[in-house]
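Coordinates as given in coords33.pdb (PDB, C-alpha atoms, pLDDT in the B column):
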ATOM      1  CA  MET A   1      10.056 -13.235  10.613  1.00 36.00           C
ATOM      2  CA  ALA A   2       8.164 -11.135  13.152  1.00 45.00           C
ATOM      3  CA  GLU A   3       5.989 -12.873  15.733  1.00 48.00           C
ATOM      4  CA  GLY A   4       2.343 -12.701  14.692  1.00 50.00           C
ATOM      5  CA  PHE A   5       3.234 -11.485  11.197  1.00 45.00           C
ATOM      6  CA  LYS A   6       0.476 -12.298   8.707  1.00 53.00           C
ATOM      7  CA  ASP A   7       2.340 -12.882   5.464  1.00 50.00           C
ATOM      8  CA  TYR A   8      -0.011 -12.334   2.521  1.00 45.00           C
ATOM      9  CA  PHE A   9       2.504 -10.983   0.014  1.00 49.00           C
ATOM     10  CA  SER A  10       5.890 -12.733   0.138  1.00 47.00           C
ATOM     11  CA  ASP A  11       4.937 -15.259  -2.537  1.00 52.00           C
ATOM     12  CA  THR A  12       4.110 -12.442  -4.967  1.00 55.00           C
ATOM     13  CA  SER A  13       6.918  -9.991  -4.230  1.00 61.00           C
ATOM     14  CA  ASP A  14       8.022  -9.838  -7.877  1.00 77.00           C
ATOM     15  CA  ALA A  15       4.484  -9.124  -9.075  1.00 78.00           C
ATOM     16  CA  TYR A  16       3.939  -6.643  -6.265  1.00 67.00           C
ATOM     17  CA  ARG A  17       6.966  -4.648  -7.400  1.00 79.00           C
ATOM     18  CA  THR A  18       5.964  -4.803 -11.082  1.00 90.00           C
ATOM     19  CA  TYR A  19       2.219  -4.225 -10.987  1.00 92.00           C
ATOM     20  CA  ARG A  20       1.374  -2.123  -7.943  1.00 89.00           C
ATOM     21  CA  PRO A  21       0.673   1.555  -8.732  1.00 92.00           C
ATOM     22  CA  ASP A  22       2.911   4.457  -7.742  1.00 92.00           C
ATOM     23  CA  TYR A  23       1.844   7.237  -5.433  1.00 95.00           C
ATOM     24  CA  PRO A  24       1.664  10.822  -6.746  1.00 95.00           C
ATOM     25  CA  ASP A  25       4.935  12.688  -6.313  1.00 94.00           C
ATOM     26  CA  GLY A  26       3.076  15.725  -4.998  1.00 96.00           C
ATOM     27  CA  LEU A  27       2.114  13.684  -1.938  1.00 98.00           C
ATOM     28  CA  PHE A  28       5.746  13.232  -0.890  1.00 98.00           C
ATOM     29  CA  GLU A  29       6.635  16.831  -1.695  1.00 98.00           C
ATOM     30  CA  TRP A  30       3.824  17.992   0.600  1.00 98.00           C
ATOM     31  CA  LEU A  31       4.763  15.566   3.384  1.00 98.00           C
ATOM     32  CA  ALA A  32       8.426  16.591   3.208  1.00 98.00           C
ATOM     33  CA  GLY A  33       7.427  20.189   3.841  1.00 98.00           C
ATOM     34  CA  LEU A  34       5.668  19.447   7.142  1.00 98.00           C
ATOM     35  CA  PRO A  35       8.456  18.586   9.638  1.00 98.00           C
ATOM     36  CA  PRO A  36      10.907  21.282  10.778  1.00 97.00           C
ATOM     37  CA  ARG A  37      13.851  19.169   9.606  1.00 96.00           C
ATOM     38  CA  ARG A  38      14.334  16.952   6.593  1.00 97.00           C
ATOM     39  CA  ASP A  39      17.232  14.690   7.564  1.00 98.00           C
ATOM     40  CA  ALA A  40      15.701  11.210   7.666  1.00 98.00           C
ATOM     41  CA  ALA A  41      12.434   9.410   6.969  1.00 98.00           C
ATOM     42  CA  LEU A  42      11.103   5.971   7.890  1.00 98.00           C
ATOM     43  CA  ASP A  43       8.834   3.824   5.717  1.00 98.00           C
ATOM     44  CA  CYS A  44       7.091   1.128   7.783  1.00 98.00           C
ATOM     45  CA  GLY A  45       5.712  -1.944   6.031  1.00 97.00           C
ATOM     46  CA  CYS A  46       7.629  -0.783   2.970  1.00 97.00           C
ATOM     47  CA  GLY A  47       6.947  -3.826   0.768  1.00 95.00           C
ATOM     48  CA  THR A  48       9.137  -3.508  -2.304  1.00 94.00           C
ATOM     49  CA  GLY A  49       9.870   0.158  -1.689  1.00 96.00           C
ATOM     50  CA  GLN A  50       7.567   2.231  -3.910  1.00 95.00           C
ATOM     51  CA  ALA A  51       7.094   4.863  -1.204  1.00 97.00           C
ATOM     52  CA  SER A  52      10.653   4.480   0.098  1.00 98.00           C
ATOM     53  CA  VAL A  53      12.213   5.473  -3.204  1.00 97.00           C
ATOM     54  CA  ALA A  54       9.784   8.370  -3.595  1.00 97.00           C
ATOM     55  CA  LEU A  55      10.762   9.658  -0.149  1.00 98.00           C
ATOM     56  CA  ALA A  56      14.434   9.515  -1.137  1.00 98.00           C
ATOM     57  CA  ARG A  57      13.826  12.423  -3.511  1.00 97.00           C
ATOM     58  CA  TYR A  58      13.234  14.628  -0.475  1.00 98.00           C
ATOM     59  CA  PHE A  59      15.200  13.029   2.382  1.00 98.00           C
ATOM     60  CA  PRO A  60      18.936  12.177   2.223  1.00 98.00           C
ATOM     61  CA  ARG A  61      18.365   9.084   4.381  1.00 98.00           C
ATOM     62  CA  VAL A  62      15.354   6.792   4.165  1.00 98.00           C
ATOM     63  CA  HIS A  63      14.998   3.769   6.432  1.00 98.00           C
ATOM     64  CA  ALA A  64      12.581   1.157   5.100  1.00 98.00           C
ATOM     65  CA  VAL A  65      11.401  -1.833   7.132  1.00 98.00           C
ATOM     66  CA  ASP A  66       9.172  -4.788   6.342  1.00 97.00           C
ATOM     67  CA  PRO A  67       8.767  -8.120   8.178  1.00 96.00           C
ATOM     68  CA  SER A  68       8.901 -10.066   4.886  1.00 94.00           C
ATOM     69  CA  ALA A  69      12.410 -11.040   3.805  1.00 95.00           C
ATOM     70  CA  ASP A  70      11.090 -11.758   0.305  1.00 93.00           C
ATOM     71  CA  GLN A  71       9.653  -8.265  -0.036  1.00 93.00           C
ATOM     72  CA  ILE A  72      12.955  -6.727   1.069  1.00 96.00           C
ATOM     73  CA  ALA A  73      14.902  -9.006  -1.313  1.00 94.00           C
ATOM     74  CA  ASN A  74      12.781  -7.718  -4.193  1.00 93.00           C
ATOM     75  CA  ALA A  75      12.805  -4.070  -3.109  1.00 95.00           C
ATOM     76  CA  ILE A  76      13.747  -1.298  -5.529  1.00 95.00           C
ATOM     77  CA  SER A  77      17.417  -0.496  -5.065  1.00 96.00           C
ATOM     78  CA  HIS A  78      18.282   3.126  -4.282  1.00 97.00           C
ATOM     79  CA  GLU A  79      21.442   4.591  -2.798  1.00 97.00           C
ATOM     80  CA  GLY A  80      19.441   6.725  -0.381  1.00 97.00           C
ATOM     81  CA  VAL A  81      17.296   3.883   0.985  1.00 98.00           C
ATOM     82  CA  VAL A  82      18.436   1.409   3.636  1.00 98.00           C
ATOM     83  CA  TYR A  83      16.167  -1.637   3.789  1.00 98.00           C
ATOM     84  CA  ARG A  84      15.817  -3.816   6.872  1.00 98.00           C
ATOM     85  CA  VAL A  85      13.767  -6.916   7.651  1.00 98.00           C
ATOM     86  CA  ALA A  86      11.895  -5.775  10.756  1.00 98.00           C
ATOM     87  CA  PRO A  87       8.316  -5.257  11.933  1.00 98.00           C
ATOM     88  CA  ALA A  88       6.860  -1.765  12.071  1.00 98.00           C
ATOM     89  CA  GLU A  89       6.371  -2.175  15.812  1.00 98.00           C
ATOM     90  CA  GLN A  90      10.103  -2.780  16.411  1.00 98.00           C
ATOM     91  CA  THR A  91      12.125  -1.037  13.725  1.00 98.00           C
ATOM     92  CA  GLY A  92      15.527  -1.223  15.409  1.00 98.00           C
ATOM     93  CA  LEU A  93      16.199   2.469  14.781  1.00 98.00           C
ATOM     94  CA  PRO A  94      17.610   4.759  17.481  1.00 98.00           C
ATOM     95  CA  GLY A  95      15.201   6.951  19.392  1.00 98.00           C
ATOM     96  CA  ALA A  96      14.440  10.445  18.092  1.00 98.00           C
ATOM     97  CA  SER A  97      16.124   9.694  14.777  1.00 98.00           C
ATOM     98  CA  VAL A  98      13.597  10.486  12.005  1.00 98.00           C
ATOM     99  CA  ASP A  99      11.583  13.491  10.868  1.00 98.00           C
ATOM    100  CA  LEU A 100       8.818  11.686   8.972  1.00 98.00           C
ATOM    101  CA  VAL A 101       7.284   8.247   9.455  1.00 98.00           C
ATOM    102  CA  VAL A 102       5.003   6.840   6.771  1.00 98.00           C
ATOM    103  CA  ALA A 103       2.900   3.705   6.392  1.00 98.00           C
ATOM    104  CA  ALA A 104       1.878   3.281   2.758  1.00 97.00           C
ATOM    105  CA  GLN A 105      -0.985   0.784   2.287  1.00 96.00           C
ATOM    106  CA  ALA A 106       0.265  -0.892   5.454  1.00 96.00           C
ATOM    107  CA  LEU A 107      -1.124   0.619   8.677  1.00 98.00           C
ATOM    108  CA  HIS A 108      -4.116  -1.740   8.739  1.00 97.00           C
ATOM    109  CA  TRP A 109      -1.743  -4.703   9.212  1.00 95.00           C
ATOM    110  CA  PHE A 110      -0.039  -3.299  12.315  1.00 98.00           C
ATOM    111  CA  ASP A 111      -0.608  -3.733  16.031  1.00 97.00           C
ATOM    112  CA  PHE A 112      -1.784  -0.151  16.504  1.00 98.00           C
ATOM    113  CA  ASP A 113      -0.842   0.323  20.161  1.00 97.00           C
ATOM    114  CA  ARG A 114       2.672  -1.078  19.786  1.00 98.00           C
ATOM    115  CA  PHE A 115       3.234   0.696  16.491  1.00 98.00           C
ATOM    116  CA  TYR A 116       2.243   4.105  17.805  1.00 98.00           C
ATOM    117  CA  LEU A 117       4.625   3.664  20.730  1.00 98.00           C
ATOM    118  CA  GLU A 118       7.388   2.990  18.217  1.00 98.00           C
ATOM    119  CA  VAL A 119       6.413   6.027  16.136  1.00 98.00           C
ATOM    120  CA  ARG A 120       6.693   8.237  19.203  1.00 98.00           C
ATOM    121  CA  ARG A 121      10.022   6.660  20.128  1.00 98.00           C
ATOM    122  CA  VAL A 122      11.751   7.162  16.765  1.00 98.00           C
ATOM    123  CA  GLY A 123      10.213  10.525  15.894  1.00 98.00           C
ATOM    124  CA  ARG A 124      12.119  13.731  16.598  1.00 97.00           C
ATOM    125  CA  PRO A 125      10.332  16.721  18.156  1.00 95.00           C
ATOM    126  CA  GLY A 126       7.972  18.172  15.567  1.00 95.00           C
ATOM    127  CA  SER A 127       8.139  15.086  13.367  1.00 98.00           C
ATOM    128  CA  VAL A 128       5.155  13.876  11.368  1.00 98.00           C
ATOM    129  CA  PHE A 129       3.383  10.552  10.856  1.00 98.00           C
ATOM    130  CA  ALA A 130       1.415   9.851   7.684  1.00 98.00           C
ATOM    131  CA  ALA A 131      -0.649   6.794   6.775  1.00 98.00           C
ATOM    132  CA  PHE A 132      -2.090   6.503   3.299  1.00 96.00           C
ATOM    133  CA  SER A 133      -4.164   3.869   1.592  1.00 96.00           C
ATOM    134  CA  TYR A 134      -5.900   3.322  -1.730  1.00 96.00           C
ATOM    135  CA  GLY A 135      -9.103   1.383  -2.256  1.00 94.00           C
ATOM    136  CA  LEU A 136     -10.887  -0.222  -5.171  1.00 97.00           C
ATOM    137  CA  LEU A 137      -9.831   1.097  -8.570  1.00 98.00           C
ATOM    138  CA  SER A 138     -12.080   2.812 -11.108  1.00 98.00           C
ATOM    139  CA  ILE A 139     -11.844   2.772 -14.925  1.00 98.00           C
ATOM    140  CA  ASP A 140     -15.262   3.225 -16.536  1.00 97.00           C
ATOM    141  CA  ALA A 141     -18.856   2.185 -15.799  1.00 98.00           C
ATOM    142  CA  ASP A 142     -18.696  -1.236 -17.500  1.00 98.00           C
ATOM    143  CA  LEU A 143     -15.315  -2.293 -16.121  1.00 98.00           C
ATOM    144  CA  ASP A 144     -16.108  -0.898 -12.683  1.00 98.00           C
ATOM    145  CA  ARG A 145     -19.257  -3.033 -12.545  1.00 98.00           C
ATOM    146  CA  ILE A 146     -17.381  -6.194 -13.598  1.00 98.00           C
ATOM    147  CA  ILE A 147     -14.430  -5.694 -11.261  1.00 98.00           C
ATOM    148  CA  GLY A 148     -16.633  -4.433  -8.420  1.00 98.00           C
ATOM    149  CA  ARG A 149     -18.787  -7.546  -8.480  1.00 98.00           C
ATOM    150  CA  PHE A 150     -15.656  -9.727  -8.486  1.00 98.00           C
ATOM    151  CA  TYR A 151     -14.155  -7.749  -5.588  1.00 98.00           C
ATOM    152  CA  HIS A 152     -17.238  -7.786  -3.364  1.00 97.00           C
ATOM    153  CA  GLU A 153     -19.137 -10.958  -4.306  1.00 97.00           C
ATOM    154  CA  VAL A 154     -16.709 -13.488  -5.787  1.00 98.00           C
ATOM    155  CA  ILE A 155     -13.588 -12.992  -3.669  1.00 98.00           C
ATOM    156  CA  GLY A 156     -15.193 -10.849  -0.968  1.00 97.00           C
ATOM    157  CA  PRO A 157     -15.269 -13.639   1.652  1.00 97.00           C
ATOM    158  CA  TYR A 158     -11.576 -14.360   1.046  1.00 97.00           C
ATOM    159  CA  TRP A 159     -10.173 -10.944   1.968  1.00 97.00           C
ATOM    160  CA  PRO A 160      -8.310 -10.777   5.296  1.00 96.00           C
ATOM    161  CA  PRO A 161     -10.402  -9.029   7.974  1.00 96.00           C
ATOM    162  CA  GLU A 162      -7.964  -6.094   8.001  1.00 95.00           C
ATOM    163  CA  ARG A 163      -9.117  -5.198   4.489  1.00 95.00           C
ATOM    164  CA  THR A 164     -12.237  -3.615   5.981  1.00 96.00           C
ATOM    165  CA  HIS A 165     -10.045  -0.736   7.159  1.00 97.00           C
ATOM    166  CA  VAL A 166      -9.092  -0.032   3.531  1.00 96.00           C
ATOM    167  CA  ASP A 167     -12.705  -0.227   2.386  1.00 96.00           C
ATOM    168  CA  ASN A 168     -13.707   2.151   5.189  1.00 95.00           C
ATOM    169  CA  GLY A 169     -11.067   4.701   4.240  1.00 94.00           C
ATOM    170  CA  TYR A 170      -9.121   4.187   7.498  1.00 96.00           C
ATOM    171  CA  ARG A 171     -11.895   5.980   9.423  1.00 95.00           C
ATOM    172  CA  ALA A 172     -12.112   3.273  12.114  1.00 95.00           C
ATOM    173  CA  ILE A 173      -8.368   3.080  12.777  1.00 97.00           C
ATOM    174  CA  PRO A 174      -7.309   4.812  16.008  1.00 96.00           C
ATOM    175  CA  PHE A 175      -5.110   7.834  15.357  1.00 97.00           C
ATOM    176  CA  PRO A 176      -3.582   9.349  18.521  1.00 97.00           C
ATOM    177  CA  PHE A 177      -1.871  12.365  16.911  1.00 97.00           C
ATOM    178  CA  PRO A 178      -3.183  15.889  16.293  1.00 97.00           C
ATOM    179  CA  GLU A 179      -4.348  15.617  12.695  1.00 97.00           C
ATOM    180  CA  ILE A 180      -3.230  17.771   9.797  1.00 97.00           C
ATOM    181  CA  THR A 181      -5.700  18.297   6.968  1.00 96.00           C
ATOM    182  CA  ALA A 182      -4.216  17.045   3.705  1.00 95.00           C
ATOM    183  CA  PRO A 183      -4.924  18.538   0.289  1.00 95.00           C
ATOM    184  CA  PRO A 184      -6.530  16.204  -2.270  1.00 93.00           C
ATOM    185  CA  PHE A 185      -4.168  14.076  -4.333  1.00 93.00           C
ATOM    186  CA  ALA A 186      -5.026  12.160  -7.496  1.00 90.00           C
ATOM    187  CA  MET A 187      -3.710   8.616  -7.738  1.00 95.00           C
ATOM    188  CA  GLU A 188      -3.799   7.562 -11.378  1.00 96.00           C
ATOM    189  CA  ALA A 189      -1.940   5.405 -13.869  1.00 96.00           C
ATOM    190  CA  ARG A 190      -2.121   4.681 -17.594  1.00 97.00           C
ATOM    191  CA  TRP A 191      -2.105   0.922 -18.076  1.00 97.00           C
ATOM    192  CA  GLU A 192      -2.535  -1.611 -20.834  1.00 96.00           C
ATOM    193  CA  LEU A 193      -4.859  -4.547 -20.272  1.00 96.00           C
ATOM    194  CA  GLU A 194      -2.195  -7.049 -19.218  1.00 95.00           C
ATOM    195  CA  HIS A 195      -0.830  -4.682 -16.596  1.00 96.00           C
ATOM    196  CA  LEU A 196      -4.301  -4.489 -15.070  1.00 97.00           C
ATOM    197  CA  ILE A 197      -4.565  -8.294 -15.025  1.00 96.00           C
ATOM    198  CA  GLY A 198      -1.147  -8.466 -13.368  1.00 95.00           C
ATOM    199  CA  TYR A 199      -2.291  -6.010 -10.711  1.00 96.00           C
ATOM    200  CA  LEU A 200      -5.431  -8.042  -9.975  1.00 96.00           C
ATOM    201  CA  GLU A 201      -3.162 -11.062  -9.552  1.00 93.00           C
ATOM    202  CA  THR A 202      -1.519  -9.341  -6.555  1.00 93.00           C
ATOM    203  CA  TRP A 203      -4.786  -9.235  -4.583  1.00 95.00           C
ATOM    204  CA  SER A 204      -4.449 -11.470  -1.541  1.00 93.00           C
ATOM    205  CA  ALA A 205      -8.086 -12.621  -1.804  1.00 96.00           C
ATOM    206  CA  VAL A 206      -7.399 -14.054  -5.274  1.00 97.00           C
ATOM    207  CA  ARG A 207      -4.657 -16.273  -3.888  1.00 94.00           C
ATOM    208  CA  GLU A 208      -6.720 -17.234  -0.847  1.00 96.00           C
ATOM    209  CA  TYR A 209      -9.639 -18.235  -3.089  1.00 97.00           C
ATOM    210  CA  ARG A 210      -7.291 -20.488  -5.086  1.00 96.00           C
ATOM    211  CA  ARG A 211      -5.803 -22.007  -1.943  1.00 96.00           C
ATOM    212  CA  ARG A 212      -9.159 -22.862  -0.392  1.00 97.00           C
ATOM    213  CA  ARG A 213     -11.112 -23.907  -3.480  1.00 97.00           C
ATOM    214  CA  GLY A 214      -8.439 -25.144  -5.888  1.00 97.00           C
ATOM    215  CA  VAL A 215      -9.887 -22.979  -8.681  1.00 96.00           C
ATOM    216  CA  ASP A 216      -8.541 -19.779 -10.217  1.00 96.00           C
ATOM    217  CA  PRO A 217     -11.207 -17.052  -9.884  1.00 97.00           C
ATOM    218  CA  LEU A 218      -9.178 -14.690 -12.045  1.00 96.00           C
ATOM    219  CA  ALA A 219      -9.598 -16.739 -15.227  1.00 94.00           C
ATOM    220  CA  ALA A 220     -13.313 -15.963 -15.640  1.00 95.00           C
ATOM    221  CA  LEU A 221     -12.807 -12.341 -14.594  1.00 97.00           C
ATOM    222  CA  ALA A 222      -9.992 -11.861 -17.115  1.00 96.00           C
ATOM    223  CA  ARG A 223     -12.274 -12.983 -19.965  1.00 96.00           C
ATOM    224  CA  LYS A 224     -14.945 -10.467 -18.969  1.00 97.00           C
ATOM    225  CA  VAL A 225     -12.414  -7.670 -18.535  1.00 97.00           C
ATOM    226  CA  ARG A 226     -10.846  -8.379 -21.938  1.00 96.00           C
ATOM    227  CA  ASN A 227     -14.248  -8.229 -23.624  1.00 96.00           C
ATOM    228  CA  ALA A 228     -15.039  -4.882 -22.009  1.00 97.00           C
ATOM    229  CA  TRP A 229     -11.571  -3.429 -22.517  1.00 97.00           C
ATOM    230  CA  GLY A 230     -11.336  -3.647 -26.294  1.00 92.00           C
ATOM    231  CA  ALA A 231      -7.969  -3.817 -28.073  1.00 93.00           C
ATOM    232  CA  PRO A 232      -5.437  -5.078 -25.492  1.00 89.00           C
ATOM    233  CA  GLU A 233      -2.794  -2.557 -26.555  1.00 91.00           C
ATOM    234  CA  VAL A 234      -5.106   0.354 -25.735  1.00 95.00           C
ATOM    235  CA  THR A 235      -4.100   2.169 -22.553  1.00 97.00           C
ATOM    236  CA  ARG A 236      -6.719   3.374 -20.122  1.00 97.00           C
ATOM    237  CA  THR A 237      -6.622   5.642 -17.097  1.00 98.00           C
ATOM    238  CA  ILE A 238      -6.922   3.758 -13.814  1.00 98.00           C
ATOM    239  CA  ALA A 239      -7.832   5.789 -10.724  1.00 98.00           C
ATOM    240  CA  TRP A 240      -7.803   4.887  -7.031  1.00 97.00           C
ATOM    241  CA  PRO A 241      -9.296   6.756  -4.081  1.00 94.00           C
ATOM    242  CA  LEU A 242      -6.340   7.866  -1.947  1.00 96.00           C
ATOM    243  CA  VAL A 243      -6.972   8.314   1.770  1.00 96.00           C
ATOM    244  CA  LEU A 244      -4.528  10.101   4.077  1.00 97.00           C
ATOM    245  CA  ARG A 245      -4.307  10.440   7.835  1.00 97.00           C
ATOM    246  CA  VAL A 246      -1.496  12.764   8.843  1.00 98.00           C
ATOM    247  CA  GLY A 247      -0.532  14.008  12.293  1.00 98.00           C
ATOM    248  CA  ARG A 248       2.174  15.715  14.298  1.00 98.00           C
ATOM    249  CA  ILE A 249       4.025  13.195  16.446  1.00 96.00           C
ATOM    250  CA  GLY A 250       5.164  15.551  19.185  1.00 75.00           C
TER     251      GLY A 250
END

Please render this file's structure as structure tokens.
Amino acid sequence: MAEGFKDYFSDTSDAYRTYRPDYPDGLFEWLAGLPPRRDAALDCGCGTGQASVALARYFPRVHAVDPSADQIANAISHEGVVYRVAPAEQTGLPGASVDLVVAAQALHWFDFDRFYLEVRRVGRPGSVFAAFSYGLLSIDADLDRIIGRFYHEVIGPYWPPERTHVDNGYRAIPFPFPEITAPPFAMEARWELEHLIGYLETWSAVREYRRRRGVDPLAALARKVRNAWGAPEVTRTIAWPLVLRVGRIG
């Protein structure tokens, strides 16, 4: 385990793989078209590999690193993805070996100075770095009000401090690369009620609330969400704001 690694997700690796949303494929198609070569990509803080596997559709070799051994053990298997337990700041890859580096819902956890040094080290000339993050979901006015109050007021004090970067759309994170303007991408999913509840279960603040107070905050929320949802088998569109910061490494 990496020194200084804040492990908020290892105990829910299975749920993380099952319930976390997928990124739009158009995002990876666009990113793959930016570097001059398309030989290898690196996914830092890969979790269970949602972005890693998506990158493998466009790059013959994808290296995926995460400091959590449990996340890597539960990662989505793919012949084009090589997973490694390693921090983003010290990937173990050779220098000048990748054409695209991504951090999907992960940059806010990193030591920025050390990570950016590593990005410059492993990136080939003309390579690209992309960080993307999604914030609080949206469904409809009633459910948004219920879930929003839970997010901000009930479990708000139990979020790790790094979560503020997600809420602020990554605007306060230093970004030392010449930025590339990204087109808009829609991040959406069609879920049944129980999938939504499973996703809420993956929130680190839910588990921290339980740990500190010995009470499950999700139980009361689930009742309110079920009442507002209607028939549990009905699927609804869930949308997330997707923020990108993309730049040319060198």

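You can rank A:Ala141, A:His78, A:Leu42, A:Tyr151 by their closest distance to Gly92 (chain A) using only C-alpha atoms, and at the top of that list sits A:Leu42.
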
Can you list, as a PDB file with C-alpha atoms, in the coordinates of the input, the residues that the PyMOL selection byres ((chain A and resi 189-198) around 6) selects here?
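Below is the file selection00.pdb, written as the result:
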ATOM      1  CA  TYR A  19       2.219  -4.225 -10.987  1.00 92.00           C
ATOM      2  CA  GLU A 188      -3.799   7.562 -11.378  1.00 96.00           C
ATOM      3  CA  TYR A 199      -2.291  -6.010 -10.711  1.00 96.00           C
ATOM      4  CA  LEU A 200      -5.431  -8.042  -9.975  1.00 96.00           C
ATOM      5  CA  GLU A 201      -3.162 -11.062  -9.552  1.00 93.00           C
ATOM      6  CA  PRO A 232      -5.437  -5.078 -25.492  1.00 89.00           C
ATOM      7  CA  GLU A 233      -2.794  -2.557 -26.555  1.00 91.00           C
ATOM      8  CA  VAL A 234      -5.106   0.354 -25.735  1.00 95.00           C
ATOM      9  CA  THR A 235      -4.100   2.169 -22.553  1.00 97.00           C
ATOM     10  CA  ARG A 236      -6.719   3.374 -20.122  1.00 97.00           C
ATOM     11  CA  THR A 237      -6.622   5.642 -17.097  1.00 98.00           C
ATOM     12  CA  ILE A 238      -6.922   3.758 -13.814  1.00 98.00           C
TER      13      ILE A 238
END

Near-Asp14 (chain A) list (10 Å; only C-alpha atoms; drop same-chain fewer than 6 positions) as number ranges by chain: A: 48, 70-71, 73-75, 202

Any chance you could resolve the PyMOL selection byres ((chain A and resi 22) around 9) against this file and give the residues as a list in words? Arg20, Pro21, Tyr23, Pro24, Asp25, Gln50, Ala51, Ala54, Met187, Glu188 and Ala189 of chain A

I'd like the residues picked by the PyMOL selection byres ((chain A and resi 59) around 8) written out as a list of chain:residue names, using the chain letters and numbers from the file. A:Ala32, A:Arg38, A:Asp39, A:Ala40, A:Ala41, A:Leu55, A:Ala56, A:Arg57, A:Tyr58, A:Pro60, A:Arg61, A:Val62

Go ahead and compute the interatomic distance for CA of Arg248 (chain A) and CA of Ala88 (chain A), in Å to one decimal.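 We find that CA of Arg248 (chain A) and CA of Ala88 (chain A) lie 18.2 Å from each other.
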
Skip region 119-129 of chain A itself and residues of its chain fewer than 2 positions away, then list as a compact mmCIF listing (two decimals) with C-alpha atoms, in the frame of the given file all residues within 12 Å of it, counting all atoms listed in the file.
# COMPACT_ATOMS: atom_id res chain seq x y z
CA TRP A 30 3.82 17.99 0.60
CA LEU A 31 4.76 15.57 3.38
CA ALA A 32 8.43 16.59 3.21
CA GLY A 33 7.43 20.19 3.84
CA LEU A 34 5.67 19.45 7.14
CA PRO A 35 8.46 18.59 9.64
CA PRO A 36 10.91 21.28 10.78
CA ARG A 37 13.85 19.17 9.61
CA ARG A 38 14.33 16.95 6.59
CA ASP A 39 17.23 14.69 7.56
CA ALA A 40 15.70 11.21 7.67
CA ALA A 41 12.43 9.41 6.97
CA LEU A 42 11.10 5.97 7.89
CA ASP A 43 8.83 3.82 5.72
CA CYS A 44 7.09 1.13 7.78
CA HIS A 63 15.00 3.77 6.43
CA ALA A 88 6.86 -1.76 12.07
CA GLU A 89 6.37 -2.17 15.81
CA GLN A 90 10.10 -2.78 16.41
CA THR A 91 12.12 -1.04 13.72
CA GLY A 92 15.53 -1.22 15.41
CA LEU A 93 16.20 2.47 14.78
CA PRO A 94 17.61 4.76 17.48
CA GLY A 95 15.20 6.95 19.39
CA ALA A 96 14.44 10.44 18.09
CA SER A 97 16.12 9.69 14.78
CA VAL A 98 13.60 10.49 12.00
CA ASP A 99 11.58 13.49 10.87
CA LEU A 100 8.82 11.69 8.97
CA VAL A 101 7.28 8.25 9.46
CA VAL A 102 5.00 6.84 6.77
CA ALA A 103 2.90 3.70 6.39
CA ALA A 104 1.88 3.28 2.76
CA LEU A 107 -1.12 0.62 8.68
CA PHE A 110 -0.04 -3.30 12.32
CA PHE A 112 -1.78 -0.15 16.50
CA ASP A 113 -0.84 0.32 20.16
CA ARG A 114 2.67 -1.08 19.79
CA PHE A 115 3.23 0.70 16.49
CA TYR A 116 2.24 4.11 17.80
CA LEU A 117 4.62 3.66 20.73
CA ALA A 131 -0.65 6.79 6.78
CA PHE A 132 -2.09 6.50 3.30
CA PHE A 175 -5.11 7.83 15.36
CA PRO A 176 -3.58 9.35 18.52
CA PHE A 177 -1.87 12.36 16.91
CA PRO A 178 -3.18 15.89 16.29
CA GLU A 179 -4.35 15.62 12.70
CA ILE A 180 -3.23 17.77 9.80
CA LEU A 244 -4.53 10.10 4.08
CA ARG A 245 -4.31 10.44 7.84
CA VAL A 246 -1.50 12.76 8.84
CA GLY A 247 -0.53 14.01 12.29
CA ARG A 248 2.17 15.72 14.30
CA ILE A 249 4.03 13.20 16.45
CA GLY A 250 5.16 15.55 19.18

With only C-alpha atoms as the basis for distance, which of A:Ala64, A:Asp144, A:Ala69, A:Pro161 is at the shortest distance from Trp109 (chain A)?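 Nearest candidate to Trp109 (chain A) out of A:Ala64, A:Asp144, A:Ala69, A:Pro161: A:Pro161.
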
From the list A:Val65, A:Leu221, A:Ala231, A:Ala15, which residue is nearest Leu143 (chain A) when using only C-alpha atoms? A:Leu221

Within 10 Å of (-5.5, -9.4, -2.8) (coordinates as in the file), grab all the protein and nucleic acid residues, counting all atoms listed in the file, and write them out as a ChimeraX atom specification. /A:8-9,151,155-156,158-160,163,199-209

Excluding Thr164 (chain A) and any residue of its chain fewer than 4 positions from it, enumerate the residues within 12 Å of it, using only C-alpha atoms, and give them as a compact mmCIF listing (two decimals) with C-alpha atoms, keeping the file's coordinate frame.
# COMPACT_ATOMS: atom_id res chain seq x y z
CA HIS A 108 -4.12 -1.74 8.74
CA TRP A 109 -1.74 -4.70 9.21
CA SER A 133 -4.16 3.87 1.59
CA GLY A 135 -9.10 1.38 -2.26
CA LEU A 136 -10.89 -0.22 -5.17
CA HIS A 152 -17.24 -7.79 -3.36
CA GLY A 156 -15.19 -10.85 -0.97
CA PRO A 157 -15.27 -13.64 1.65
CA TYR A 158 -11.58 -14.36 1.05
CA TRP A 159 -10.17 -10.94 1.97
CA PRO A 160 -8.31 -10.78 5.30
CA ASN A 168 -13.71 2.15 5.19
CA GLY A 169 -11.07 4.70 4.24
CA TYR A 170 -9.12 4.19 7.50
CA ARG A 171 -11.90 5.98 9.42
CA ALA A 172 -12.11 3.27 12.11
CA ILE A 173 -8.37 3.08 12.78

What does the structure give for the distance between CA of Gly47 (chain A) and CA of Ser138 (chain A), in Å to one decimal?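 Here the two named atoms are 23.4 Å from each other.
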
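Taking CA of Glu29 (chain A) and CA of Ala130 (chain A) as endpoints, the distance between them is 12.8 Å.
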
Contacts of Lys224 (chain A) at 10 Å or less, counting all atoms listed in the file, minus same-chain residues fewer than 6 places along, as a PDB file with C-alpha atoms, in the coordinates of the input?
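Contents of out.pdb, as written:
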ATOM      1  CA  LEU A 143     -15.315  -2.293 -16.121  1.00 98.00           C
ATOM      2  CA  ILE A 146     -17.381  -6.194 -13.598  1.00 98.00           C
ATOM      3  CA  ILE A 147     -14.430  -5.694 -11.261  1.00 98.00           C
ATOM      4  CA  LEU A 218      -9.178 -14.690 -12.045  1.00 96.00           C
TER       5      LEU A 218
END
